[in-house]
Every structure is written in C-alpha cells, then in structure tokens.
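target.txt (compact mmCIF, C-alpha atoms and all ligand atoms) appears below.
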# COMPACT_ATOMS: atom_id res chain seq x y z
CA MET A 1 -2.15 9.12 -2.32
CA ALA A 2 -3.00 12.81 -2.40
CA LEU A 3 0.67 13.68 -2.88
CA ALA A 4 1.14 11.19 -5.72
CA ILE A 5 -1.96 12.56 -7.48
CA ALA A 6 -0.95 16.18 -6.84
CA LEU A 7 2.50 15.57 -8.30
CA GLU A 8 1.11 13.89 -11.41
CA LEU A 9 -1.37 16.73 -11.98
CA ARG A 10 1.32 19.33 -11.43
CA LEU A 11 3.74 17.63 -13.82
CA ARG A 12 0.97 17.74 -16.44
CA GLY A 13 0.70 21.49 -15.95
CA ALA A 14 -2.17 21.95 -13.46
CA GLU A 15 -2.18 24.39 -10.55
CA VAL A 16 -2.65 22.14 -7.50
CA THR A 17 -3.43 22.71 -3.81
CA VAL A 18 -3.29 19.90 -1.23
CA LEU A 19 -5.22 20.27 2.04
CA SER A 20 -3.78 17.97 4.70
CA ARG A 21 -4.89 17.76 8.31
CA ASN A 22 -1.93 15.83 9.61
CA ARG A 23 0.52 14.05 7.38
CA SER A 24 1.77 11.79 10.17
CA ASP A 25 -1.74 10.28 10.57
CA ALA A 26 -1.52 8.88 7.07
CA ALA A 27 -1.52 5.14 6.43
CA ALA A 28 1.08 5.97 3.78
CA TYR A 29 3.46 6.72 6.60
CA ALA A 30 2.49 3.64 8.65
CA ALA A 31 2.51 0.99 5.93
CA ALA A 32 5.10 -1.76 5.50
CA GLY A 33 5.75 -0.75 1.89
CA MET A 34 5.34 -4.12 0.22
CA LEU A 35 4.59 -4.03 -3.50
CA ALA A 36 3.00 -7.43 -3.42
CA PRO A 37 0.25 -8.17 -5.94
CA GLN A 38 1.38 -11.78 -6.10
CA ALA A 39 2.06 -12.45 -2.41
CA GLU A 40 -1.33 -10.88 -1.64
CA LYS A 41 -2.88 -13.61 -3.84
CA LEU A 42 -5.46 -11.30 -5.34
CA ASP A 43 -8.20 -12.98 -7.32
CA ALA A 44 -7.86 -12.73 -11.08
CA GLY A 45 -9.73 -9.65 -12.28
CA PRO A 46 -9.49 -5.86 -12.41
CA MET A 47 -7.83 -5.48 -8.99
CA GLN A 48 -5.10 -7.96 -9.84
CA GLU A 49 -4.56 -6.19 -13.14
CA LEU A 50 -4.49 -2.75 -11.51
CA CYS A 51 -1.93 -3.94 -8.96
CA LEU A 52 0.28 -5.63 -11.54
CA ARG A 53 0.19 -2.52 -13.72
CA SER A 54 1.18 -0.37 -10.77
CA ARG A 55 4.00 -2.70 -9.84
CA GLU A 56 5.29 -2.39 -13.42
CA LEU A 57 5.28 1.40 -13.09
CA TYR A 58 7.06 1.47 -9.74
CA GLY A 59 10.71 1.37 -10.80
CA SER A 60 10.38 4.31 -13.18
CA TRP A 61 8.05 6.22 -10.84
CA ALA A 62 10.57 5.90 -7.99
CA ALA A 63 13.40 6.88 -10.35
CA LYS A 64 11.44 9.96 -11.42
CA LEU A 65 10.95 11.00 -7.78
CA GLU A 66 14.62 10.44 -7.09
CA ALA A 67 15.66 12.46 -10.13
CA LEU A 68 13.32 15.31 -9.17
CA THR A 69 14.45 15.51 -5.55
CA GLY A 70 17.87 13.88 -5.27
CA LEU A 71 16.38 11.75 -2.47
CA ASP A 72 16.32 7.97 -2.28
CA THR A 73 12.87 6.37 -2.12
CA GLY A 74 14.09 3.04 -0.77
CA TYR A 75 12.59 1.15 -3.74
CA TRP A 76 14.05 -2.35 -3.76
CA ALA A 77 13.07 -4.99 -6.29
CA SER A 78 13.88 -7.62 -3.68
CA GLY A 79 11.24 -10.19 -4.58
CA ILE A 80 8.92 -11.70 -1.98
CA LEU A 81 9.13 -15.16 -0.47
CA ASN A 82 5.89 -16.70 0.76
CA PRO A 83 6.89 -19.48 3.20
CA MET A 84 4.28 -22.01 4.29
CA TYR A 85 3.89 -24.26 7.31
CA GLU A 86 1.75 -26.88 5.59
CA GLN A 87 2.45 -28.70 2.40
CA PRO A 88 -0.20 -27.52 -0.08
CA ALA A 89 -2.34 -30.19 -1.75
CA PHE A 90 -0.35 -30.01 -4.98
CA ALA A 91 2.93 -30.96 -3.29
CA VAL A 92 3.12 -34.67 -4.02
CA ALA A 93 5.91 -36.31 -2.08
CA THR A 94 7.40 -39.69 -2.87
CA ALA A 95 7.56 -42.33 -0.17
CA GLU A 96 11.34 -41.98 0.00
CA GLN A 97 11.74 -38.25 0.12
CA ALA A 98 9.48 -35.51 1.37
CA THR A 99 10.28 -33.11 -1.42
CA VAL A 100 8.01 -31.68 -4.05
CA VAL A 101 8.15 -33.82 -7.17
CA ARG A 102 5.60 -31.97 -9.26
CA LYS A 103 5.70 -28.28 -10.04
CA PRO A 104 2.35 -26.87 -8.96
CA GLU A 105 0.19 -24.46 -10.88
CA PRO A 106 1.19 -20.96 -9.86
CA PRO A 107 -1.68 -19.08 -8.23
CA PHE A 108 -2.14 -17.07 -11.41
CA LYS A 109 -3.86 -17.45 -14.74
CA LYS A 110 -1.73 -18.90 -17.55
CA SER A 111 -1.82 -15.61 -19.44
CA LEU A 112 -0.14 -13.89 -16.50
CA GLU A 113 2.70 -16.35 -16.12
CA GLU A 114 5.18 -14.15 -17.95
CA GLN A 115 4.16 -10.95 -16.22
CA ALA A 116 3.86 -12.60 -12.81
CA PRO A 117 6.29 -15.49 -12.53
CA ALA A 118 5.96 -17.68 -9.46
CA GLU A 119 8.15 -20.57 -8.41
CA TRP A 120 7.45 -23.20 -5.78
CA LEU A 121 10.47 -23.93 -3.58
CA GLY A 122 10.72 -27.11 -1.52
CA PRO A 123 12.18 -27.25 2.00
CA GLU A 124 15.80 -27.17 0.88
CA ALA A 125 15.44 -24.70 -1.95
CA ILE A 126 13.61 -22.22 0.23
CA ARG A 127 16.35 -22.35 2.86
CA HIS A 128 18.95 -21.90 0.18
CA ARG A 129 17.16 -18.72 -0.89
CA GLN A 130 16.72 -17.55 2.70
CA PRO A 131 18.90 -19.11 5.39
CA GLY A 132 17.58 -19.02 8.95
CA LEU A 133 13.91 -19.78 8.30
CA GLY A 134 12.03 -21.46 11.15
CA SER A 135 11.90 -25.26 11.33
CA ASP A 136 8.12 -25.30 10.70
CA VAL A 137 8.57 -23.96 7.14
CA VAL A 138 7.94 -26.77 4.64
CA GLY A 139 8.38 -24.77 1.44
CA GLY A 140 6.87 -21.75 -0.22
CA TRP A 141 6.31 -19.55 -3.22
CA TRP A 142 8.94 -17.26 -4.64
CA PHE A 143 7.60 -14.17 -6.38
CA PRO A 144 10.66 -12.53 -7.98
CA ARG A 145 8.81 -9.49 -9.38
CA ASP A 146 7.15 -8.43 -6.12
CA ALA A 147 9.11 -5.64 -4.46
CA GLN A 148 9.12 -3.09 -1.67
CA VAL A 149 9.72 0.57 -0.92
CA ASP A 150 10.76 2.30 2.31
CA ASN A 151 7.62 4.40 2.59
CA ARG A 152 8.05 5.41 6.23
CA ARG A 153 11.60 6.74 6.09
CA GLN A 154 12.06 7.59 2.44
CA LEU A 155 9.19 7.48 -0.08
CA VAL A 156 6.87 9.86 1.77
CA THR A 157 9.75 12.29 2.33
CA ALA A 158 10.69 12.16 -1.35
CA LEU A 159 7.07 12.71 -2.40
CA GLN A 160 6.74 15.68 -0.05
CA ALA A 161 9.93 17.18 -1.45
CA ALA A 162 8.78 16.57 -5.03
CA VAL A 163 5.42 18.30 -4.61
CA LYS A 164 7.04 21.28 -2.90
CA GLN A 165 9.76 21.53 -5.52
CA THR A 166 7.37 21.41 -8.43
CA GLY A 167 5.21 24.17 -6.97
CA VAL A 168 2.21 22.34 -5.50
CA ASP A 169 0.58 24.52 -2.84
CA TRP A 170 0.66 22.02 0.00
CA ARG A 171 -1.19 23.27 3.10
CA GLU A 172 -0.38 21.15 6.12
CA GLY A 173 -2.59 21.54 9.21
CA VAL A 174 -5.77 22.31 7.24
CA THR A 175 -8.80 20.20 8.17
CA VAL A 176 -11.55 19.82 5.59
CA THR A 177 -14.87 20.08 7.41
CA GLY A 178 -17.26 19.68 4.49
CA ILE A 179 -17.83 19.63 0.75
CA LYS A 180 -20.15 22.44 -0.31
CA ARG A 181 -22.34 21.69 -3.28
CA GLU A 182 -24.84 23.30 -5.57
CA GLY A 183 -28.46 22.50 -4.83
CA LYS A 184 -29.51 19.40 -6.74
CA ARG A 185 -31.47 20.40 -9.79
CA GLU A 186 -34.78 18.61 -10.12
CA GLY A 187 -34.26 15.26 -11.82
CA LYS A 188 -30.74 16.18 -12.98
CA ARG A 189 -28.02 14.25 -11.31
CA GLU A 190 -25.36 15.75 -13.56
CA GLY A 191 -26.23 19.21 -12.30
CA LYS A 192 -24.57 18.52 -9.00
CA ARG A 193 -21.26 20.29 -8.53
CA VAL A 194 -18.89 21.12 -5.72
CA THR A 195 -18.85 24.86 -5.14
CA ALA A 196 -16.22 25.01 -2.36
CA ILE A 197 -14.35 23.02 0.25
CA ALA A 198 -15.09 24.15 3.81
CA THR A 199 -12.05 24.01 6.10
CA ASN A 200 -11.02 25.14 9.56
CA GLN A 201 -9.32 28.03 7.75
CA GLY A 202 -12.24 29.10 5.57
CA ASN A 203 -13.60 28.06 2.19
CA ILE A 204 -11.35 27.04 -0.66
CA THR A 205 -12.44 26.88 -4.28
CA ALA A 206 -11.09 25.21 -7.40
CA ASP A 207 -12.29 24.01 -10.81
CA GLN A 208 -11.78 20.35 -9.97
CA TYR A 209 -11.54 18.50 -6.67
CA VAL A 210 -10.14 15.11 -5.64
CA LEU A 211 -11.13 13.33 -2.43
CA ALA A 212 -8.20 11.25 -1.14
CA ALA A 213 -8.68 11.27 2.64
CA GLY A 214 -7.88 7.60 3.29
CA ALA A 215 -9.79 5.88 6.10
CA TRP A 216 -11.47 9.21 6.95
CA SER A 217 -13.04 9.67 3.49
CA GLY A 218 -16.48 8.50 4.64
CA ALA A 219 -16.73 11.51 6.96
CA LEU A 220 -16.63 13.86 3.95
CA LEU A 221 -18.68 11.99 1.35
CA ASP A 222 -21.29 9.26 1.69
CA LEU A 223 -18.94 6.36 0.92
CA PRO A 224 -18.56 2.98 2.67
CA VAL A 225 -14.94 3.52 3.69
CA PHE A 226 -13.88 2.41 7.17
CA PRO A 227 -10.62 2.04 9.10
CA ARG A 228 -8.91 -1.32 9.53
CA LYS A 229 -6.19 -0.80 12.09
CA GLY A 230 -2.75 -2.39 11.70
CA GLN A 231 0.02 -2.48 14.28
CA LEU A 232 3.68 -2.82 13.33
CA LEU A 233 7.11 -2.77 14.88
CA SER A 234 10.69 -2.70 13.68
CA VAL A 235 13.91 -4.32 14.82
CA GLN A 236 17.47 -3.64 13.75
CA ALA A 237 19.71 -6.47 12.57
CA PRO A 238 23.27 -5.95 13.79
CA VAL A 239 24.87 -5.17 10.44
CA GLY A 240 28.30 -3.88 9.54
CA GLN A 241 31.91 -4.10 10.58
CA GLY A 242 32.43 -6.23 13.65
CA GLN A 243 28.69 -6.97 13.84
CA LEU A 244 26.92 -10.29 13.57
CA TYR A 245 26.06 -9.86 9.86
CA ALA A 246 28.06 -8.18 7.10
CA LYS A 247 24.81 -7.06 5.47
CA GLN A 248 21.07 -7.28 5.99
CA PRO A 249 20.56 -11.02 6.73
CA LEU A 250 17.20 -11.12 4.95
CA ASN A 251 17.55 -11.24 1.18
CA GLN A 252 13.90 -10.46 0.45
CA VAL A 253 10.52 -9.85 2.06
CA LEU A 254 9.01 -12.82 3.95
CA PHE A 255 5.23 -12.91 3.54
CA GLY A 256 4.02 -15.53 5.97
CA ASP A 257 0.79 -16.64 7.51
CA ARG A 258 -0.62 -13.64 9.48
CA ILE A 259 2.81 -12.01 9.43
CA TYR A 260 5.19 -10.27 7.11
CA ILE A 261 8.82 -9.36 7.65
CA VAL A 262 10.18 -6.59 5.45
CA PRO A 263 13.94 -5.97 5.41
CA ARG A 264 15.44 -2.61 4.48
CA ARG A 265 18.91 -2.46 3.03
CA ASP A 266 20.51 -0.89 6.12
CA GLY A 267 19.49 -3.75 8.44
CA LEU A 268 16.14 -2.40 9.65
CA ILE A 269 13.39 -5.04 9.61
CA VAL A 270 9.73 -4.02 9.64
CA ILE A 271 7.30 -6.56 11.11
CA GLY A 272 3.58 -6.32 10.49
CA ALA A 273 0.76 -6.26 10.75
CA THR A 274 -2.37 -6.88 12.75
CA SER A 275 -5.76 -6.37 11.13
CA GLU A 276 -8.24 -5.02 13.65
CA ASP A 277 -11.79 -3.80 13.42
CA VAL A 278 -11.56 -1.24 16.25
CA GLU A 279 -12.49 1.99 14.43
CA PHE A 280 -9.94 4.76 15.13
CA THR A 281 -8.72 3.39 18.48
CA PRO A 282 -5.10 4.54 18.70
CA GLY A 283 -2.06 2.81 20.15
CA ASN A 284 -0.07 -0.38 20.16
CA THR A 285 -1.44 -3.09 22.42
CA PRO A 286 0.28 -5.96 24.27
CA ALA A 287 -1.91 -8.47 22.39
CA GLY A 288 -1.08 -6.92 19.02
CA LEU A 289 2.65 -6.83 19.62
CA LYS A 290 2.63 -10.34 21.10
CA GLN A 291 0.96 -11.69 17.97
CA LEU A 292 3.52 -9.99 15.73
CA LEU A 293 6.52 -11.11 17.76
CA THR A 294 5.35 -14.71 18.15
CA GLU A 295 4.61 -15.13 14.46
CA ALA A 296 7.76 -13.31 13.36
CA ILE A 297 10.05 -15.43 15.57
CA ARG A 298 8.36 -18.62 14.35
CA LEU A 299 8.99 -17.62 10.75
CA TYR A 300 12.49 -16.20 11.16
CA PRO A 301 13.97 -17.14 14.57
CA PRO A 302 17.22 -15.08 14.36
CA LEU A 303 15.28 -11.85 14.85
CA LYS A 304 14.43 -12.80 18.45
CA ASP A 305 17.74 -11.23 19.50
CA PHE A 306 17.57 -8.06 17.41
CA PRO A 307 16.88 -4.83 19.32
CA ILE A 308 13.41 -3.34 18.91
CA VAL A 309 13.58 0.10 17.28
CA GLU A 310 10.00 1.36 17.12
CA THR A 311 6.34 0.37 17.39
CA TRP A 312 3.50 2.15 15.55
CA TRP A 313 0.09 1.70 13.98
CA GLY A 314 -2.08 3.00 11.16
CA TYR A 315 -5.53 2.76 9.59
CA ARG A 316 -6.04 1.05 6.25
CA PRO A 317 -8.91 2.56 4.27
CA GLY A 318 -11.21 -0.46 3.87
CA THR A 319 -14.29 -0.94 1.69
CA PRO A 320 -16.94 -3.71 1.77
CA ASP A 321 -15.40 -5.54 -1.22
CA GLU A 322 -11.80 -4.62 -0.32
CA LEU A 323 -11.38 -2.80 -3.64
CA PRO A 324 -10.52 0.89 -4.00
CA ILE A 325 -13.00 3.54 -5.09
CA LEU A 326 -11.57 5.38 -8.07
CA GLY A 327 -12.72 7.89 -10.64
CA PRO A 328 -15.81 10.06 -10.96
CA SER A 329 -18.28 10.71 -8.17
CA GLU A 330 -21.88 11.88 -8.36
CA LEU A 331 -20.50 15.43 -8.23
CA GLU A 332 -19.29 16.26 -11.69
CA ASN A 333 -16.17 18.17 -10.61
CA LEU A 334 -15.10 15.79 -7.81
CA ALA A 335 -13.01 12.67 -8.38
CA ILE A 336 -12.49 9.98 -5.75
CA ALA A 337 -9.29 8.09 -4.91
CA THR A 338 -9.76 6.15 -1.72
CA GLY A 339 -10.36 2.70 -0.22
CA HIS A 340 -6.97 1.31 -1.24
CA TYR A 341 -7.06 -0.89 1.87
CA ARG A 342 -3.92 -3.11 2.00
CA ASN A 343 -2.40 -1.97 -1.30
CA GLY A 344 -2.29 1.82 -1.35
CA ILE A 345 1.49 2.12 -1.45
CA LEU A 346 1.59 -0.28 -4.37
CA LEU A 347 -1.27 1.49 -6.13
CA ALA A 348 0.06 5.05 -5.82
CA PRO A 349 1.60 5.34 -9.32
CA ILE A 350 -1.35 3.88 -11.23
CA THR A 351 -3.88 5.79 -9.13
CA ALA A 352 -2.07 9.05 -9.82
CA GLN A 353 -2.05 8.29 -13.53
CA LEU A 354 -5.72 7.25 -13.83
CA ILE A 355 -7.01 10.09 -11.65
CA ALA A 356 -4.98 12.69 -13.56
CA ASP A 357 -6.33 11.25 -16.84
CA TRP A 358 -9.86 11.64 -15.52
CA VAL A 359 -9.46 15.06 -13.94
CA LEU A 360 -7.65 16.71 -16.84
CA GLN A 361 -9.04 14.88 -19.86
CA ARG A 362 -12.11 12.98 -18.65
CA LYS A 363 -10.29 9.94 -19.98
CA THR A 364 -11.54 6.65 -18.59
CA ASP A 365 -9.10 3.79 -18.43
CA PRO A 366 -10.83 0.46 -19.24
CA LEU A 367 -10.12 -0.66 -15.67
CA LEU A 368 -11.71 2.36 -14.00
CA PRO A 369 -15.40 1.31 -14.19
CA ALA A 370 -14.65 -1.70 -11.95
CA PHE A 371 -13.84 0.71 -9.14
CA ARG A 372 -16.81 3.08 -9.40
CA TRP A 373 -18.24 4.56 -6.20
CA ASP A 374 -21.84 3.55 -7.06
CA ARG A 375 -21.16 -0.21 -7.16
CA PHE A 376 -22.27 -0.25 -3.51
CA ILE A 377 -25.71 1.16 -4.29
CA VAL A 378 -28.23 -1.68 -4.55
C1 LIG B 1 -0.48 -1.35 9.01
C2 LIG B 1 -0.56 -1.05 7.55
C3 LIG B 1 0.26 -1.74 6.65
C4 LIG B 1 0.16 -1.49 5.29
N1 LIG B 1 1.03 -2.11 4.44
C5 LIG B 1 0.96 -1.86 3.11
C6 LIG B 1 1.88 -2.44 2.22
O1 LIG B 1 2.78 -3.18 2.64
N2 LIG B 1 1.76 -2.19 0.89
C7 LIG B 1 0.79 -1.36 0.40
O2 LIG B 1 0.72 -1.17 -0.81
N3 LIG B 1 -0.09 -0.75 1.24
C8 LIG B 1 -0.02 -0.99 2.57
N4 LIG B 1 -0.90 -0.38 3.42
C9 LIG B 1 -2.01 0.39 2.85
C10 LIG B 1 -1.65 1.81 2.49
O3 LIG B 1 -0.89 2.40 3.51
C11 LIG B 1 -2.94 2.60 2.28
O4 LIG B 1 -3.79 1.93 1.39
C12 LIG B 1 -2.62 3.98 1.68
O5 LIG B 1 -1.67 4.65 2.47
C13 LIG B 1 -3.89 4.80 1.59
O6 LIG B 1 -3.53 6.07 1.13
P1 LIG B 1 -4.50 7.31 1.31
O7 LIG B 1 -3.78 8.50 0.84
O8 LIG B 1 -5.82 6.96 0.77
O9 LIG B 1 -4.70 7.40 2.91
P2 LIG B 1 -3.67 7.92 3.99
O10 LIG B 1 -2.29 7.51 3.62
O11 LIG B 1 -4.21 7.48 5.30
O12 LIG B 1 -3.76 9.51 3.88
C14 LIG B 1 -4.95 10.18 4.17
C15 LIG B 1 -4.60 11.58 4.59
O13 LIG B 1 -5.81 12.34 4.58
C16 LIG B 1 -5.76 13.24 5.67
N5 LIG B 1 -7.14 13.61 6.03
C17 LIG B 1 -8.13 12.78 6.42
N6 LIG B 1 -9.24 13.49 6.66
C18 LIG B 1 -8.94 14.79 6.43
C19 LIG B 1 -9.67 16.01 6.51
N7 LIG B 1 -10.94 16.03 6.90
N8 LIG B 1 -9.05 17.16 6.20
C20 LIG B 1 -7.75 17.15 5.80
N9 LIG B 1 -7.00 16.04 5.69
C21 LIG B 1 -7.60 14.88 6.00
C22 LIG B 1 -5.08 12.44 6.78
O14 LIG B 1 -4.55 13.32 7.77
C23 LIG B 1 -4.03 11.68 6.00
O15 LIG B 1 -2.82 12.40 5.98
C24 LIG B 1 -0.79 -0.55 4.80
C25 LIG B 1 -1.56 0.17 5.70
C26 LIG B 1 -1.44 -0.07 7.06
C27 LIG B 1 -2.26 0.74 8.02
How does the structure come out when it is put into structure tokens?
Ligand SMILES: Cc1cc2nc3c(=O)[nH]c(=O)nc-3n(C[C@H](O)[C@H](O)[C@H](O)COP(=O)(O)OP(=O)(O)OC[C@H]3O[C@@H](n4cnc5c(N)ncnc54)[C@H](O)[C@@H]3O)c2cc1C
Amino acid sequence: MALAIALELRLRGAEVTVLSRNRSDAAAYAAAGMLAPQAEKLDAGPMQELCLRSRELYGSWAAKLEALTGLDTGYWASGILNPMYEQPAFAVATAEQATVVRKPEPPFKKSLEEQAPAEWLGPEAIRHRQPGLGSDVVGGWWFPRDAQVDNRRQLVTALQAAVKQTGVDWREGVTVTGIKREGKREGKREGKRVTAIATNQGNITADQYVLAAGAWSGALLDLPVFPRKGQLLSVQAPVGQGQLYAKQPLNQVLFGDRIYIVPRRDGLIVIGATSEDVEFTPGNTPAGLKQLLTEAIRLYPPLKDFPIVETWWGYRPGTPDELPILGPSELENLAIATGHYRNGILLAPITAQLIADWVLQRKTDPLLPAFRWDRFIV
C-alpha cells in the first residue's frame, strides 16, 4: 500500500520517502491477488462501494504502471466463478429436472446491478464455463467484472520499479521504531503533531506522514490492527506444446467454500488461503496445507496431479469490524492507510487516490468518514 500511495503522491509532484523494514514480509507479496468485491459478498455500504470503485480503477491503474515501467502487472479481467456445493434456497427445481428454473436475486442491491452484474449458473452451465469442476458442485455465481492481478510475481515488482523510476526515495531495510510527537497542548487535540519518525538509522522528518505498516501498524500507533495469518501454495498446470493442456485449463478464478483457486495465464495456479488467529507465528503447517489441498481437489480435481511449485504465508492486517482505517489520525500531519484485511490488493488504487487527496489537499472523499480511526473509541 505504501508504494501505491508513494507513487500517487510523487506523480502529483510531492517529494516522497518510503521507509520499509522488509518488503518480502508484506502481505502485498503474499496475497492471492483477487480483485473480488462481488465474490467476497461484502455487505452493501461504504466498504462495498470503496471496493467496487477500486475495481473500476484497476485496469487503468495497471496500464499506467505498465506504461511507466514497461513491466507487466499480470492484471487479468478474468471474472470470478463462485461454485457452490449446496443448492441455495432460491434455486427452485422442478420434479422432473434438478435445474434452476427461477433466476435468483443477485447478492447485490438493485442499483448496483449494472455496475456489478451477477449470473447464477446451474450444474450444466457452470461446467460449460469451467470444465473439470468437482462432482459436488451444484451450480454457482458468475461475477464477470471481478478480476485478478499477479501481485507476487508482477504487480509488486512493477510498483517497485515505478516508485524508483519516478524518483521516490525508497529506503529498504529501515525499521521505524516510533513516532515522535509534540507534547499535547492542554485541551487542544488539534495541537498534536508528528515531529519526527524514529528509525534504526536515526530520526527522519517530513511535513506530512502516512502510516501504512500493514498488520504491524498497531505497534506504531494505538490502533486495533492485528495479524490474520493466511497460508497458500501454488501448482503448475502442464501447459504448452506436447503438454496436457494447450493453455491454462482454468478460465477464471474459482472462489469456493473456504478455498480459492487463482489461475495465472502461464499455467501457474495459486491456492489459498487459511485464516488463522495465531499472531505472527511464521511458517506453513501440515494442517494448513492439508486443508488447502483437500478443498482445492474437491473443487477442481484435475489439479491433484499438478506439481507443487511453492508454499508461503502472510499476515492480513485485520481490524475489529474488518474494514480498513483510512484518512486523518489524531495527529494533524499523519494520515493512516491500514487494516485492509482481505482486500488490500484490490483497494490499492482507491486508497492511493483518497490518501493523496487528503495529504496534499485535505480533501475528504464522501466515503472516507466511514473508515475513520476513531470509530473504535466508545
Ligand atoms: C494469505 C493472504 C491472501 C490475500 N489475498 C488477497 C486477495 O486475493 N486480494 C486482495 O485484495 N487482498 C488480499 N490479501 C490482503 C492484502 O494482501 C493486504 O490487505 C495488503 O497487502 C495490505 O497492505 P499493507 O501495505 O497495509 O500491508 P503489507 O502489504 O503487509 O505491507 C506492510 C509493510 O510494512 C512494513 N513494516 C511494518 N512495520 C514496519 C516498521 N516498523 N518499520 C518499517 N517498515 C515496517 C512491512 O515490512 C511490510 O513490508 C491477502 C493477504 C493474505 C495474507
């Protein structure tokens, strides 16, 4: 997130420094890269709107990064299929045939139908869209506007190249140890300001600061942000001349029950993810990988024979209401961009835009107040 914000600020003319302890720790590098406001079935409200707006921005944001750097981001407007193992209540079957005879209400408000189309596919239609699905699949939703990006191999690399190329001072290996602030003036909250950032390489000062430290943000500011660990793995479909498949056999992301399967164009398939409340306990576990493999094979049996490429894990930045914390803080020259939980890859373009608006112009998007830091204070 820090890189997306830094780039946006830089492109609007600001001098920007990024302090980064270890870029490979970042959830941005671990994530599956789904751009899935619809498959995530977010409740109607500001978060759904924020996510849909960010999804709308993605194509042009990725194109901008690609134009700046000459690097591919792996953005793929593949759509997301949401297969189900149980016929939902709306699926009324006739006595003669077990197919859906009534189109259900999409899981979205009427006003969003155009922006967020959703189609229910019965057992045959879903297999037509994606051959090879497991025999337990009875149908599912098709979300044609949901998409994906290859964050791990491409997007993060392109973002890093873009910030370097545009002249952001990116300091890798710098650990922030504290936020130094002016003494609080009696009765004047607005008097509180950041005076410097303490790091393992000395103090650093600026006019404006942005906290975007992911799951670790709570260590630097009093915010209810905590890690929610996710384990993933990838397999490689045998693709190409003389191989089993001429191209990637998955035509789109499969977003199942407790599992998602994310194909990349070159035949790689990312499988994720667990959701574990284990603080910052590192490593892949036998139980975690077993869960992923069992669920993935049930949903898409052909992958049981594909070679495993890699296993890894990361920490989602969670908050008590699962919404991000965005915008001003109680320190007048510090903005916050954290707590993006399961949707931080999706939310990168809109976050960069809204935070840059706030930092440079004190402009508040109508959506921003819903994500204020002080909503947790009772
Ligand atoms: C398993 C998994 C799957 C996911 N799948 C998806 C998905 O499909 N789609 C989606 O949209 N989102 C997904 N996410 C969520 C997404 O990855 C996160 O919401 C997003 O990356 C958060 O971005 P961030 O910049 O806030 O945190 P991070 O990406 O974690 O970056 C934080 C950075 O801050 C640095 N840092 C922390 N503390 C300090 C310090 N004291 N000093 C200096 N640097 C510091 C860290 O080293 C790190 O590099 C997934 C996450 C996980 C873990």
Inset, instruction - Considering all atoms listed in the file, state which residue in the set A:Ile197, A:Ile297, A:Leu68, A:Met84 is at the smallest distance from ligand LIG 1 (chain B). - result: A:Ile197
Inset, instruction - Can you tell me which residues come within 6 Å of ligand LIG 1 (chain B) when counting all atoms listed in the file, ideally as an NGL selection string? - result: :A and (1-2 or 19-23 or 25-28 or 30-35 or 174-177 or 212-216 or 229-231 or 273 or 313-317 or 338 or 340-346)
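If all atoms listed in the file are the atoms counted, then among A:Ile126, A:Ala116, A:Leu223, A:Val156 the closest residue to Gly74 (chain A) is A:Val156.
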Inset, instruction - Considering only C-alpha atoms, state which residue in the set A:Ala14, A:Gly318, A:Leu292, A:Val138 is at the smallest distance from Asp277 (chain A). - result: A:Gly318
Inset, instruction - Could you tell me which of A:Ala348, A:Ile269, A:Leu81, A:Val309 comes closest to Leu326 (chain A) if we count only C-alpha atoms? - result: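 Among the listed residues, the smallest separation from Leu326 (chain A) belongs to A:Ala348.
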Inset, instruction - For Glu56 (chain A), work out the shell of residues within 12 Å, counting only C-alpha atoms and skipping chain neighbours fewer than 2 positions away, then give it as a list in words. - result: Leu35, Ala36, Pro37, Glu49, Leu50, Cys51, Leu52, Arg53, Ser54, Tyr58, Gly59, Ser60, Trp61, Ala62, Ala77, Gln115, Ala116, Arg145, Asp146, Ala147, Leu346, Leu347, Ala348, Pro349 and Ile350 of chain A
Could the residues in this selection be saved with C-alpha atoms as a PDB file, in the frame of the given file?
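To be explicit, this is the file written out as result.pdb:
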ATOM      1  CA  LEU A  35       4.590  -4.030  -3.500  1.00  0.00           C
ATOM      2  CA  ALA A  36       3.000  -7.430  -3.420  1.00  0.00           C
ATOM      3  CA  PRO A  37       0.250  -8.170  -5.940  1.00  0.00           C
ATOM      4  CA  GLU A  49      -4.560  -6.190 -13.140  1.00  0.00           C
ATOM      5  CA  LEU A  50      -4.490  -2.750 -11.510  1.00  0.00           C
ATOM      6  CA  CYS A  51      -1.930  -3.940  -8.960  1.00  0.00           C
ATOM      7  CA  LEU A  52       0.280  -5.630 -11.540  1.00  0.00           C
ATOM      8  CA  ARG A  53       0.190  -2.520 -13.720  1.00  0.00           C
ATOM      9  CA  SER A  54       1.180  -0.370 -10.770  1.00  0.00           C
ATOM     10  CA  TYR A  58       7.060   1.470  -9.740  1.00  0.00           C
ATOM     11  CA  GLY A  59      10.710   1.370 -10.800  1.00  0.00           C
ATOM     12  CA  SER A  60      10.380   4.310 -13.180  1.00  0.00           C
ATOM     13  CA  TRP A  61       8.050   6.220 -10.840  1.00  0.00           C
ATOM     14  CA  ALA A  62      10.570   5.900  -7.990  1.00  0.00           C
ATOM     15  CA  ALA A  77      13.070  -4.990  -6.290  1.00  0.00           C
ATOM     16  CA  GLN A 115       4.160 -10.950 -16.220  1.00  0.00           C
ATOM     17  CA  ALA A 116       3.860 -12.600 -12.810  1.00  0.00           C
ATOM     18  CA  ARG A 145       8.810  -9.490  -9.380  1.00  0.00           C
ATOM     19  CA  ASP A 146       7.150  -8.430  -6.120  1.00  0.00           C
ATOM     20  CA  ALA A 147       9.110  -5.640  -4.460  1.00  0.00           C
ATOM     21  CA  LEU A 346       1.590  -0.280  -4.370  1.00  0.00           C
ATOM     22  CA  LEU A 347      -1.270   1.490  -6.130  1.00  0.00           C
ATOM     23  CA  ALA A 348       0.060   5.050  -5.820  1.00  0.00           C
ATOM     24  CA  PRO A 349       1.600   5.340  -9.320  1.00  0.00           C
ATOM     25  CA  ILE A 350      -1.350   3.880 -11.230  1.00  0.00           C
TER      26      ILE A 350
END
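With distances taken over all atoms listed in the file, A:Ala337 is the one residue among A:Leu159, A:Leu289, A:Ala337, A:Leu133 lying closest to Gly218 (chain A).
Within the 8 Å cut-off around Ala6 (chain A), using only C-alpha atoms and omitting residues fewer than 4 positions from it on the same chain, the listed residues are Ala2, Arg10, Val16, Thr17, Val18, Val163, Val168 and Ala352 of chain A.
With CA of Leu331 (chain A) on one side and CA of Phe226 (chain A) on the other, the separation reads 21.2 Å.
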Inset, instruction - Fewer than 6 positions away in the same chain doesn't count, so skip those; otherwise give me all residues within 12 Å of Ala370 (chain A), counting only C-alpha atoms, as a list of chain:residue names. - result: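 Answer for this query is A:Gly45, A:Pro46, A:Met47, A:Gln48, A:Glu49, A:Leu50, A:Asp321, A:Leu323, A:Pro324, A:Ile325, A:Leu326, A:Gly327, A:Pro328, A:Thr364, A:Phe376.
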Inset, instruction - Kindly give the distance, in Å, that separates CA of Leu293 (chain A) and CA of Asn82 (chain A), rounded to a single decimal. - result: 17.9 Å
Legend entry - Which residue of A:Ala89, A:Ile80, A:Leu3, A:Leu233 approaches Val253 (chain A) most closely, using only C-alpha atoms: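 The shortest atom-to-atom distance to Val253 (chain A) comes from A:Ile80.
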Inset, instruction - Quote the spacing between CA of Pro249 (chain A) and CA of Leu268 (chain A) in Å to one decimal place. - result: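 Interatomic distance here is 10.1 Å.
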Output as AutoDock Vina command-line options the centre and edge lengths (Å, one decimal) of the box along x, y and z of the file that holds every listed atom of region 32-35 of chain A after adding 3 Å on each side.
--center_x 5.2 --center_y -2.4 --center_z 1.0 --size_x 7.2 --size_y 9.4 --size_z 15.0
